[in-house]
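Worksheet: one structure, shown below.
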Amino acid sequence: MLALMHPSVVWPNGMEGGYVHGREGVRAYWTQQWGMIDPHVEPLSTEMDAKGRTVVEVHQVVRDLNGNLLQDSVVHHAYTLRDGLIERMEIE
C-alpha cells in the first residue's frame, strides 16, 4: 500500500489527531495503530467530489486487541491523487 502513496503523502492520525507525513510516517503510524487496535474497513461506494478527490464511503469497525467493539460507523475517506499516487487522505 505504501508504494501507492506519494513520497510526501499526508495521512490523518485518526487516533491522536493531526497528520503524519511521508511513507515512513504512515508506516510508523500504522505499526503503532495495529499494535493497539484491530480496525476493519470495508468500502461501500466511491465517487468524485467537487474538489476532484476520490471519496470512498466505508463501513469501519474498530475493536480492541481483546475483540471488544470500540466503534462501528460509516465514514468517508477522501483521497487526493498526484501523478497517480495518493498525496493526501482525509477522514470526513
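Within each chain, counting starts at residue 1; across the C-alpha cells, chains are named A, B, ... in the order shown, with ligands numbered 1 upward in that order.
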Every residue of chain A that DSSP places in strand (DSSP E), as number ranges by chain: A: 5-12, 19-21, 37-48, 54-64, 69-82, 85-91
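Restricting the calculation to only C-alpha atoms, the smallest distance between Gly14 (chain A) and any of A:Val55, A:Ile86, A:Leu65, A:Val75 is found for A:Val75.
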Separation of CA of Leu2 (chain A) and CA of Val41 (chain A), in Å? 17.0 Å
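The neighbours of region 16-22 of chain A here are the residues that come within 12 Å of it, using only C-alpha atoms and leaving out any residue fewer than 2 positions away in the same chain; they are A:Leu2, A:Ala3, A:Leu4, A:Met5, A:His6, A:Pro7, A:Ser8, A:Val9, A:Val10, A:Trp11, A:Pro12, A:Asn13, A:Gly14, A:Glu24, A:Gly25, A:Val26, A:Arg27, A:Ala28, A:Tyr29, A:Trp30, A:Gln32, A:Gln33, A:Ile86, A:Glu87, A:Arg88, A:Met89, A:Glu90, A:Ile91.
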